[in-house]
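Below is run_39.pdb, which holds PDB, C-alpha atoms, pLDDT in the B column.
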MODEL        1
ATOM      1  CA  MET A   1      89.312 188.353 105.001  1.00 87.00           C
ATOM      2  CA  SER A   2      87.815 190.628 107.610  1.00 92.00           C
ATOM      3  CA  ARG A   3      89.078 194.089 108.481  1.00 92.00           C
ATOM      4  CA  LEU A   4      90.440 192.761 111.793  1.00 90.00           C
ATOM      5  CA  ASP A   5      92.278 189.934 109.983  1.00 92.00           C
ATOM      6  CA  PHE A   6      93.914 192.452 107.662  1.00 94.00           C
ATOM      7  CA  ILE A   7      94.978 194.721 110.535  1.00 93.00           C
ATOM      8  CA  GLU A   8      96.417 191.782 112.487  1.00 93.00           C
ATOM      9  CA  ARG A   9      98.363 190.545 109.486  1.00 95.00           C
ATOM     10  CA  GLU A  10      99.849 193.975 108.814  1.00 95.00           C
ATOM     11  CA  ALA A  11     100.654 194.574 112.493  1.00 95.00           C
ATOM     12  CA  ARG A  12     102.475 191.245 112.780  1.00 95.00           C
ATOM     13  CA  ALA A  13     104.408 191.956 109.579  1.00 96.00           C
ATOM     14  CA  ASN A  14     105.389 195.356 110.993  1.00 96.00           C
ATOM     15  CA  MET A  15     106.525 193.776 114.262  1.00 96.00           C
ATOM     16  CA  GLU A  16     108.597 191.192 112.388  1.00 97.00           C
ATOM     17  CA  PHE A  17     110.214 194.006 110.386  1.00 97.00           C
ATOM     18  CA  HIS A  18     111.310 195.768 113.577  1.00 97.00           C
ATOM     19  CA  LEU A  19     112.649 192.526 115.067  1.00 97.00           C
ATOM     20  CA  LYS A  20     114.644 191.808 111.892  1.00 98.00           C
ATOM     21  CA  ASN A  21     115.896 195.383 111.960  1.00 97.00           C
ATOM     22  CA  LEU A  22     117.067 194.846 115.551  1.00 97.00           C
ATOM     23  CA  ASP A  23     118.946 191.713 114.483  1.00 97.00           C
ATOM     24  CA  ALA A  24     120.578 193.623 111.608  1.00 98.00           C
ATOM     25  CA  LEU A  25     121.641 196.457 113.925  1.00 98.00           C
ATOM     26  CA  LYS A  26     123.135 193.978 116.403  1.00 97.00           C
ATOM     27  CA  LYS A  27     125.051 192.272 113.585  1.00 98.00           C
ATOM     28  CA  GLU A  28     126.354 195.646 112.380  1.00 98.00           C
ATOM     29  CA  ALA A  29     127.485 196.448 115.927  1.00 98.00           C
ATOM     30  CA  GLN A  30     129.236 193.075 116.177  1.00 98.00           C
ATOM     31  CA  ASP A  31     130.978 193.629 112.837  1.00 98.00           C
ATOM     32  CA  THR A  32     132.076 197.101 113.922  1.00 98.00           C
ATOM     33  CA  LEU A  33     133.425 195.677 117.180  1.00 98.00           C
ATOM     34  CA  LYS A  34     135.338 192.954 115.288  1.00 98.00           C
ATOM     35  CA  ILE A  35     137.047 195.582 113.143  1.00 97.00           C
ATOM     36  CA  LEU A  36     137.762 197.662 116.226  1.00 97.00           C
ATOM     37  CA  PHE A  37     139.348 194.641 117.935  1.00 97.00           C
ATOM     38  CA  LEU A  38     141.635 194.157 114.919  1.00 97.00           C
ATOM     39  CA  ILE A  39     142.681 197.810 115.118  1.00 96.00           C
ATOM     40  CA  LEU A  40     143.202 197.509 118.869  1.00 97.00           C
ATOM     41  CA  SER A  41     145.361 194.423 118.473  1.00 97.00           C
ATOM     42  CA  ALA A  42     147.588 196.153 115.946  1.00 97.00           C
ATOM     43  CA  GLY A  43     147.691 199.370 117.954  1.00 95.00           C
ATOM     44  CA  SER A  44     148.537 197.594 121.194  1.00 96.00           C
ATOM     45  CA  GLY A  45     151.292 195.586 119.538  1.00 97.00           C
ATOM     46  CA  TYR A  46     152.783 198.665 117.915  1.00 97.00           C
ATOM     47  CA  THR A  47     152.625 200.599 121.198  1.00 97.00           C
ATOM     48  CA  VAL A  48     154.467 197.825 123.042  1.00 97.00           C
ATOM     49  CA  LYS A  49     157.046 197.694 120.245  1.00 97.00           C
ATOM     50  CA  LEU A  50     157.649 201.450 120.475  1.00 96.00           C
ATOM     51  CA  PHE A  51     158.078 201.338 124.231  1.00 95.00           C
ATOM     52  CA  ALA A  52     160.373 198.304 123.965  1.00 97.00           C
ATOM     53  CA  GLU A  53     162.559 200.185 121.479  1.00 96.00           C
ATOM     54  CA  GLY A  54     162.738 203.162 123.845  1.00 92.00           C
ATOM     55  CA  ASP A  55     160.632 205.493 121.700  1.00 92.00           C
ATOM     56  CA  PHE A  56     158.562 206.819 124.569  1.00 91.00           C
ATOM     57  CA  SER A  57     157.174 209.847 122.719  1.00 92.00           C
ATOM     58  CA  TRP A  58     155.535 207.859 119.945  1.00 94.00           C
ATOM     59  CA  GLY A  59     154.727 205.074 122.392  1.00 95.00           C
ATOM     60  CA  PHE A  60     152.772 207.597 124.454  1.00 95.00           C
ATOM     61  CA  VAL A  61     150.942 208.866 121.372  1.00 96.00           C
ATOM     62  CA  PHE A  62     149.953 205.430 120.095  1.00 96.00           C
ATOM     63  CA  GLY A  63     149.177 204.251 123.620  1.00 97.00           C
ATOM     64  CA  PHE A  64     146.841 207.224 124.054  1.00 97.00           C
ATOM     65  CA  VAL A  65     145.016 206.399 120.813  1.00 97.00           C
ATOM     66  CA  THR A  66     144.795 202.734 121.819  1.00 97.00           C
ATOM     67  CA  VAL A  67     143.223 203.669 125.159  1.00 97.00           C
ATOM     68  CA  TYR A  68     140.826 206.000 123.302  1.00 98.00           C
ATOM     69  CA  LEU A  69     139.777 203.145 121.014  1.00 98.00           C
ATOM     70  CA  ILE A  70     139.380 200.812 124.004  1.00 98.00           C
ATOM     71  CA  CYS A  71     136.920 203.360 125.426  1.00 98.00           C
ATOM     72  CA  VAL A  72     135.037 203.350 122.101  1.00 98.00           C
ATOM     73  CA  ALA A  73     134.930 199.531 122.203  1.00 98.00           C
ATOM     74  CA  ILE A  74     133.536 199.624 125.742  1.00 98.00           C
ATOM     75  CA  TYR A  75     130.902 202.164 124.664  1.00 98.00           C
ATOM     76  CA  LEU A  76     129.962 199.998 121.684  1.00 98.00           C
ATOM     77  CA  THR A  77     129.701 196.902 123.865  1.00 97.00           C
ATOM     78  CA  LEU A  78     127.674 198.483 126.661  1.00 97.00           C
ATOM     79  CA  ARG A  79     125.412 200.706 124.566  1.00 97.00           C
ATOM     80  CA  CYS A  80     124.861 198.590 121.445  1.00 97.00           C
ATOM     81  CA  LEU A  81     125.511 194.957 122.272  1.00 97.00           C
ATOM     82  CA  ALA A  82     124.327 194.660 125.860  1.00 95.00           C
ATOM     83  CA  ALA A  83     121.088 192.726 126.258  1.00 93.00           C
ATOM     84  CA  GLY A  84     117.992 194.887 126.485  1.00 92.00           C
ATOM     85  CA  ASP A  85     114.243 194.636 126.524  1.00 93.00           C
ATOM     86  CA  VAL A  86     112.422 193.557 123.371  1.00 93.00           C
ATOM     87  CA  MET A  87     108.688 193.326 122.992  1.00 93.00           C
ATOM     88  CA  PRO A  88     107.678 189.912 121.628  1.00 91.00           C
ATOM     89  CA  PRO A  89     105.631 189.525 118.436  1.00 91.00           C
ATOM     90  CA  SER A  90     102.939 187.434 120.107  1.00 89.00           C
ATOM     91  CA  ASN A  91     101.053 187.189 123.373  1.00 86.00           C
ATOM     92  CA  GLU A  92     101.169 184.601 126.133  1.00 86.00           C
ATOM     93  CA  PRO A  93      98.284 182.125 126.451  1.00 85.00           C
ATOM     94  CA  LYS A  94      97.539 183.175 130.029  1.00 84.00           C
ATOM     95  CA  ASN A  95      96.738 186.680 128.739  1.00 80.00           C
ATOM     96  CA  LEU A  96      94.399 185.376 126.058  1.00 80.00           C
ATOM     97  CA  SER A  97      92.443 182.780 128.026  1.00 83.00           C
ATOM     98  CA  SER A  98      89.982 185.160 129.675  1.00 77.00           C
ATOM     99  CA  ARG A  99      86.351 184.102 129.238  1.00 80.00           C
ATOM    100  CA  ASP A 100      85.156 187.641 130.001  1.00 85.00           C
ATOM    101  CA  TYR A 101      85.826 188.817 126.445  1.00 86.00           C
ATOM    102  CA  THR A 102      84.621 187.724 123.055  1.00 89.00           C
ATOM    103  CA  LEU A 103      87.172 186.583 120.500  1.00 88.00           C
ATOM    104  CA  ASP A 104      86.971 189.893 118.632  1.00 89.00           C
ATOM    105  CA  GLN A 105      87.469 191.851 121.858  1.00 90.00           C
ATOM    106  CA  LEU A 106      90.525 189.741 122.679  1.00 89.00           C
ATOM    107  CA  ARG A 107      91.898 190.309 119.197  1.00 91.00           C
ATOM    108  CA  GLU A 108      91.397 194.061 119.500  1.00 92.00           C
ATOM    109  CA  GLU A 109      93.124 194.152 122.884  1.00 90.00           C
ATOM    110  CA  ASP A 110      95.947 192.064 121.489  1.00 92.00           C
ATOM    111  CA  LEU A 111      96.284 194.556 118.630  1.00 94.00           C
ATOM    112  CA  LYS A 112      96.667 197.370 121.181  1.00 94.00           C
ATOM    113  CA  ARG A 113      99.400 195.379 122.917  1.00 94.00           C
ATOM    114  CA  LEU A 114     101.016 194.673 119.568  1.00 95.00           C
ATOM    115  CA  GLN A 115     101.000 198.387 118.707  1.00 96.00           C
ATOM    116  CA  ARG A 116     102.701 199.197 122.015  1.00 97.00           C
ATOM    117  CA  GLY A 117     105.294 196.551 121.186  1.00 96.00           C
ATOM    118  CA  ILE A 118     105.852 197.971 117.704  1.00 97.00           C
ATOM    119  CA  ASP A 119     106.295 201.471 119.149  1.00 98.00           C
ATOM    120  CA  PHE A 120     108.690 200.179 121.812  1.00 98.00           C
ATOM    121  CA  ASN A 121     110.809 198.152 119.381  1.00 97.00           C
ATOM    122  CA  GLN A 122     110.884 200.990 116.854  1.00 98.00           C
ATOM    123  CA  ALA A 123     112.117 203.445 119.506  1.00 98.00           C
ATOM    124  CA  ARG A 124     114.694 200.920 120.707  1.00 97.00           C
ATOM    125  CA  ASN A 125     115.973 200.407 117.159  1.00 98.00           C
ATOM    126  CA  GLU A 126     116.262 204.152 116.595  1.00 98.00           C
ATOM    127  CA  THR A 127     118.257 204.547 119.810  1.00 97.00           C
ATOM    128  CA  LEU A 128     120.461 201.568 118.973  1.00 98.00           C
ATOM    129  CA  GLY A 129     121.072 202.867 115.455  1.00 98.00           C
ATOM    130  CA  GLN A 130     122.050 206.287 116.779  1.00 98.00           C
ATOM    131  CA  ARG A 131     124.451 204.737 119.279  1.00 98.00           C
ATOM    132  CA  LEU A 132     125.996 202.601 116.552  1.00 98.00           C
ATOM    133  CA  ASN A 133     126.423 205.661 114.353  1.00 98.00           C
ATOM    134  CA  ASN A 134     127.981 207.541 117.286  1.00 98.00           C
ATOM    135  CA  SER A 135     130.493 204.757 117.876  1.00 98.00           C
ATOM    136  CA  ARG A 136     131.482 204.765 114.204  1.00 97.00           C
ATOM    137  CA  ILE A 137     131.929 208.546 114.298  1.00 98.00           C
ATOM    138  CA  LEU A 138     134.125 208.141 117.388  1.00 98.00           C
ATOM    139  CA  ILE A 139     136.236 205.583 115.504  1.00 97.00           C
ATOM    140  CA  CYS A 140     136.572 208.027 112.610  1.00 97.00           C
ATOM    141  CA  CYS A 141     137.729 210.662 115.124  1.00 97.00           C
ATOM    142  CA  SER A 142     140.697 208.535 116.208  1.00 97.00           C
ATOM    143  CA  PRO A 143     143.103 210.586 114.024  1.00 97.00           C
ATOM    144  CA  ILE A 144     142.008 213.641 116.026  1.00 98.00           C
ATOM    145  CA  ALA A 145     142.873 211.729 119.200  1.00 97.00           C
ATOM    146  CA  LEU A 146     146.280 210.939 117.670  1.00 96.00           C
ATOM    147  CA  VAL A 147     146.937 214.622 116.901  1.00 97.00           C
ATOM    148  CA  PHE A 148     145.747 215.611 120.375  1.00 97.00           C
ATOM    149  CA  ALA A 149     148.057 213.026 121.957  1.00 97.00           C
ATOM    150  CA  TRP A 150     150.966 214.277 119.850  1.00 95.00           C
ATOM    151  CA  PHE A 151     150.387 217.878 120.986  1.00 95.00           C
ATOM    152  CA  LEU A 152     149.918 216.757 124.587  1.00 95.00           C
ATOM    153  CA  ASN A 153     153.138 214.764 124.477  1.00 93.00           C
ATOM    154  CA  HIS A 154     154.956 217.670 122.854  1.00 91.00           C
ATOM    155  CA  ALA A 155     153.672 220.072 125.534  1.00 93.00           C
ATOM    156  CA  ILE A 156     154.692 217.712 128.354  1.00 91.00           C
ATOM    157  CA  ASN A 157     158.150 217.311 126.847  1.00 89.00           C
ATOM    158  CA  LEU A 158     158.566 221.074 126.475  1.00 89.00           C
ATOM    159  CA  TYR A 159     157.356 221.677 130.030  1.00 91.00           C
ATOM    160  CA  PHE A 160     159.844 219.238 131.484  1.00 88.00           C
ATOM    161  CA  GLY A 161     162.616 220.232 129.072  1.00 82.00           C
ATOM    162  CA  LEU A 162     162.777 216.829 127.444  1.00 76.00           C
ATOM    163  CA  GLN A 163     163.728 216.072 123.881  1.00 70.00           C
ATOM    164  CA  THR A 164     160.723 216.057 121.538  1.00 60.00           C
ATOM    165  CA  PHE A 165     160.285 213.783 118.565  1.00 58.00           C
TER     166      PHE A 165
ENDMDL
END
Can the structure from this file be put into structure tokens for me?
Amino acid sequence: MSRLDFIEREARANMEFHLKNLDALKKEAQDTLKILFLILSAGSGYTVKLFAEGDFSWGFVFGFVTVYLICVAIYLTLRCLAAGDVMPPSNEPKNLSSRDYTLDQLREEDLKRLQRGIDFNQARNETLGQRLNNSRILICCSPIALVFAWFLNHAINLYFGLQTF
């Protein structure tokens, strides 16, 4: 095995790792969104039930949290699950068919392209992972949104002289 063969093999393995990592991050984002949809379904149903029973204070609070979680779901969908650019692991034949270069020169140029692709995919995965982590932190902050909504509702009720909880 030549030095160039070894470098190509390792570069392709590295590229495949980053592509598998991208798939894993997308699956994690999908799983997080599925759980969020379950929470949203329950929260929406409970909010409607509260309003139907005339409990507008708690209906406002749970409605506020539901809207907050809908915003998190939109963020997760647009920033983690939306289609984006991915650098492919191999080259197109039209780029490799030049007769102006020797085979080794073509291989070296292809390695440069492969390195750019690895760098691009690695940066994309880091960004995607950070966005996924941010969305999970926002989900964990939903109790803070609930407390905020409770205080907001309480303040509105006091301002207008309405009965509070």
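Distances here use only C-alpha atoms; by that measure, the residue among A:Ile7, A:Phe151, A:Ser142, A:Arg107 closest to A:Ile39 is A:Ser142.
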TODO: Taking the file above as input, evaluate the PyMOL selection byres ((chain A and resi 51-66) around 9) and report the hits as a PyMOL selection string.
DONE: chain A and resi 39-41+43-44+46-50+67-71+142-143+145-150+152-154+157+164-165
Task: Nearest-residue call for A:Leu111, choices A:Gly45, A:Gly84, A:Gly161, A:Pro89, using only C-alpha atoms - done: A:Pro89
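With all atoms listed in the file as the atoms that count, the minimum distance from A:Ala24 to the choices A:Ala123, A:Leu114, A:Leu38, A:Leu81 is reached by A:Leu81.
Candidate residues A:Lys94, A:Ile156, A:Ala29, A:Asn14 were compared for distance to A:Leu78, and the nearest is A:Ala29, using only C-alpha atoms.
Residue nearest A:Leu22, chosen from A:Arg79, A:Arg124, A:Arg136, A:Arg116 and counting all atoms listed in the file: A:Arg124.
The coordinates place atom CA of A:Glu126 at 24.1 Å from atom CA of A:Asp110.
Rounded to one decimal, atom CA of A:Leu103 and atom CA of A:Leu4 lie 11.2 Å from each other.
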TODO: For each of A:Ser2, A:Asn21, A:Thr102, A:Ser90, take the minimum atom-to-atom distance to A:Gly129, counting all atoms listed in the file, then give the residue where this is smallest.
DONE: A:Asn21
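Atom to atom, atom CA of A:Arg113 and atom CA of A:Ala13 stand 14.7 Å apart.
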- [ ] For the structure shown, which residues end up in the PyMOL selection byres ((chain A and resi 25) around 12)? Put them as number ranges by chain, please?
- [x] A: 18-24, 26-32, 76, 80-81, 124-133
Place N, CA and C atoms on stretch 68-95 of chain A and deliver the coordinates as a PDB file, in the frame of the given file.
ATOM      1  N   TYR A  68     142.027 205.346 123.853  1.00 98.00           N
ATOM      2  CA  TYR A  68     140.826 206.000 123.302  1.00 98.00           C
ATOM      3  C   TYR A  68     139.940 204.975 122.589  1.00 98.00           C
ATOM      4  N   LEU A  69     140.549 204.146 121.753  1.00 98.00           N
ATOM      5  CA  LEU A  69     139.777 203.145 121.014  1.00 98.00           C
ATOM      6  C   LEU A  69     139.227 202.053 121.938  1.00 98.00           C
ATOM      7  N   ILE A  70     139.920 201.752 123.013  1.00 98.00           N
ATOM      8  CA  ILE A  70     139.380 200.812 124.004  1.00 98.00           C
ATOM      9  C   ILE A  70     138.110 201.399 124.615  1.00 98.00           C
ATOM     10  N   CYS A  71     138.120 202.698 124.890  1.00 98.00           N
ATOM     11  CA  CYS A  71     136.920 203.360 125.426  1.00 98.00           C
ATOM     12  C   CYS A  71     135.768 203.302 124.423  1.00 98.00           C
ATOM     13  N   VAL A  72     136.076 203.469 123.140  1.00 98.00           N
ATOM     14  CA  VAL A  72     135.037 203.350 122.101  1.00 98.00           C
ATOM     15  C   VAL A  72     134.496 201.920 122.072  1.00 98.00           C
ATOM     16  N   ALA A  73     135.362 200.934 122.198  1.00 98.00           N
ATOM     17  CA  ALA A  73     134.930 199.531 122.203  1.00 98.00           C
ATOM     18  C   ALA A  73     134.033 199.244 123.409  1.00 98.00           C
ATOM     19  N   ILE A  74     134.379 199.806 124.553  1.00 98.00           N
ATOM     20  CA  ILE A  74     133.536 199.624 125.742  1.00 98.00           C
ATOM     21  C   ILE A  74     132.177 200.269 125.527  1.00 98.00           C
ATOM     22  N   TYR A  75     132.163 201.480 124.963  1.00 98.00           N
ATOM     23  CA  TYR A  75     130.902 202.164 124.664  1.00 98.00           C
ATOM     24  C   TYR A  75     130.050 201.314 123.713  1.00 98.00           C
ATOM     25  N   LEU A  76     130.677 200.817 122.670  1.00 98.00           N
ATOM     26  CA  LEU A  76     129.962 199.998 121.684  1.00 98.00           C
ATOM     27  C   LEU A  76     129.390 198.738 122.331  1.00 98.00           C
ATOM     28  N   THR A  77     130.159 198.123 123.200  1.00 97.00           N
ATOM     29  CA  THR A  77     129.701 196.902 123.865  1.00 97.00           C
ATOM     30  C   THR A  77     128.548 197.179 124.818  1.00 97.00           C
ATOM     31  N   LEU A  78     128.696 198.201 125.645  1.00 97.00           N
ATOM     32  CA  LEU A  78     127.674 198.483 126.661  1.00 97.00           C
ATOM     33  C   LEU A  78     126.413 199.113 126.090  1.00 97.00           C
ATOM     34  N   ARG A  79     126.562 199.952 125.069  1.00 97.00           N
ATOM     35  CA  ARG A  79     125.412 200.706 124.566  1.00 97.00           C
ATOM     36  C   ARG A  79     124.741 200.078 123.351  1.00 97.00           C
ATOM     37  N   CYS A  80     125.447 199.195 122.655  1.00 97.00           N
ATOM     38  CA  CYS A  80     124.861 198.590 121.445  1.00 97.00           C
ATOM     39  C   CYS A  80     124.676 197.085 121.552  1.00 97.00           C
ATOM     40  N   LEU A  81     125.559 196.414 122.253  1.00 97.00           N
ATOM     41  CA  LEU A  81     125.511 194.957 122.272  1.00 97.00           C
ATOM     42  C   LEU A  81     124.975 194.370 123.568  1.00 97.00           C
ATOM     43  N   ALA A  82     124.855 195.167 124.593  1.00 95.00           N
ATOM     44  CA  ALA A  82     124.327 194.660 125.860  1.00 95.00           C
ATOM     45  C   ALA A  82     122.862 194.256 125.672  1.00 95.00           C
ATOM     46  N   ALA A  83     122.468 193.206 126.360  1.00 93.00           N
ATOM     47  CA  ALA A  83     121.088 192.726 126.258  1.00 93.00           C
ATOM     48  C   ALA A  83     120.124 193.801 126.760  1.00 93.00           C
ATOM     49  N   GLY A  84     119.008 193.914 126.105  1.00 92.00           N
ATOM     50  CA  GLY A  84     117.992 194.887 126.485  1.00 92.00           C
ATOM     51  C   GLY A  84     116.609 194.315 126.260  1.00 92.00           C
ATOM     52  N   ASP A  85     115.627 195.077 126.671  1.00 93.00           N
ATOM     53  CA  ASP A  85     114.243 194.636 126.524  1.00 93.00           C
ATOM     54  C   ASP A  85     113.817 194.658 125.060  1.00 93.00           C
ATOM     55  N   VAL A  86     113.029 193.655 124.696  1.00 93.00           N
ATOM     56  CA  VAL A  86     112.422 193.557 123.371  1.00 93.00           C
ATOM     57  C   VAL A  86     110.993 193.100 123.582  1.00 93.00           C
ATOM     58  N   MET A  87     110.081 193.744 122.898  1.00 93.00           N
ATOM     59  CA  MET A  87     108.688 193.326 122.992  1.00 93.00           C
ATOM     60  C   MET A  87     108.457 192.171 122.013  1.00 93.00           C
ATOM     61  N   PRO A  88     107.866 191.094 122.483  1.00 91.00           N
ATOM     62  CA  PRO A  88     107.678 189.912 121.628  1.00 91.00           C
ATOM     63  C   PRO A  88     106.578 190.127 120.587  1.00 91.00           C
ATOM     64  N   PRO A  89     106.621 189.364 119.493  1.00 91.00           N
ATOM     65  CA  PRO A  89     105.631 189.525 118.436  1.00 91.00           C
ATOM     66  C   PRO A  89     104.273 188.889 118.739  1.00 91.00           C
ATOM     67  N   SER A  90     104.217 188.088 119.800  1.00 89.00           N
ATOM     68  CA  SER A  90     102.939 187.434 120.107  1.00 89.00           C
ATOM     69  C   SER A  90     102.669 187.506 121.609  1.00 89.00           C
ATOM     70  N   ASN A  91     101.490 187.092 121.983  1.00 86.00           N
ATOM     71  CA  ASN A  91     101.053 187.189 123.373  1.00 86.00           C
ATOM     72  C   ASN A  91     101.180 185.831 124.052  1.00 86.00           C
ATOM     73  N   GLU A  92     101.116 185.842 125.369  1.00 86.00           N
ATOM     74  CA  GLU A  92     101.169 184.601 126.133  1.00 86.00           C
ATOM     75  C   GLU A  92      99.754 184.055 126.318  1.00 86.00           C
ATOM     76  N   PRO A  93      99.614 182.736 126.323  1.00 85.00           N
ATOM     77  CA  PRO A  93      98.284 182.125 126.451  1.00 85.00           C
ATOM     78  C   PRO A  93      97.523 182.573 127.695  1.00 85.00           C
ATOM     79  N   LYS A  94      98.231 182.770 128.800  1.00 84.00           N
ATOM     80  CA  LYS A  94      97.539 183.175 130.029  1.00 84.00           C
ATOM     81  C   LYS A  94      96.849 184.531 129.873  1.00 84.00           C
ATOM     82  N   ASN A  95      97.357 185.377 128.970  1.00 80.00           N
ATOM     83  CA  ASN A  95      96.738 186.680 128.739  1.00 80.00           C
ATOM     84  C   ASN A  95      95.538 186.594 127.797  1.00 80.00           C
TER      85      ASN A  95
END
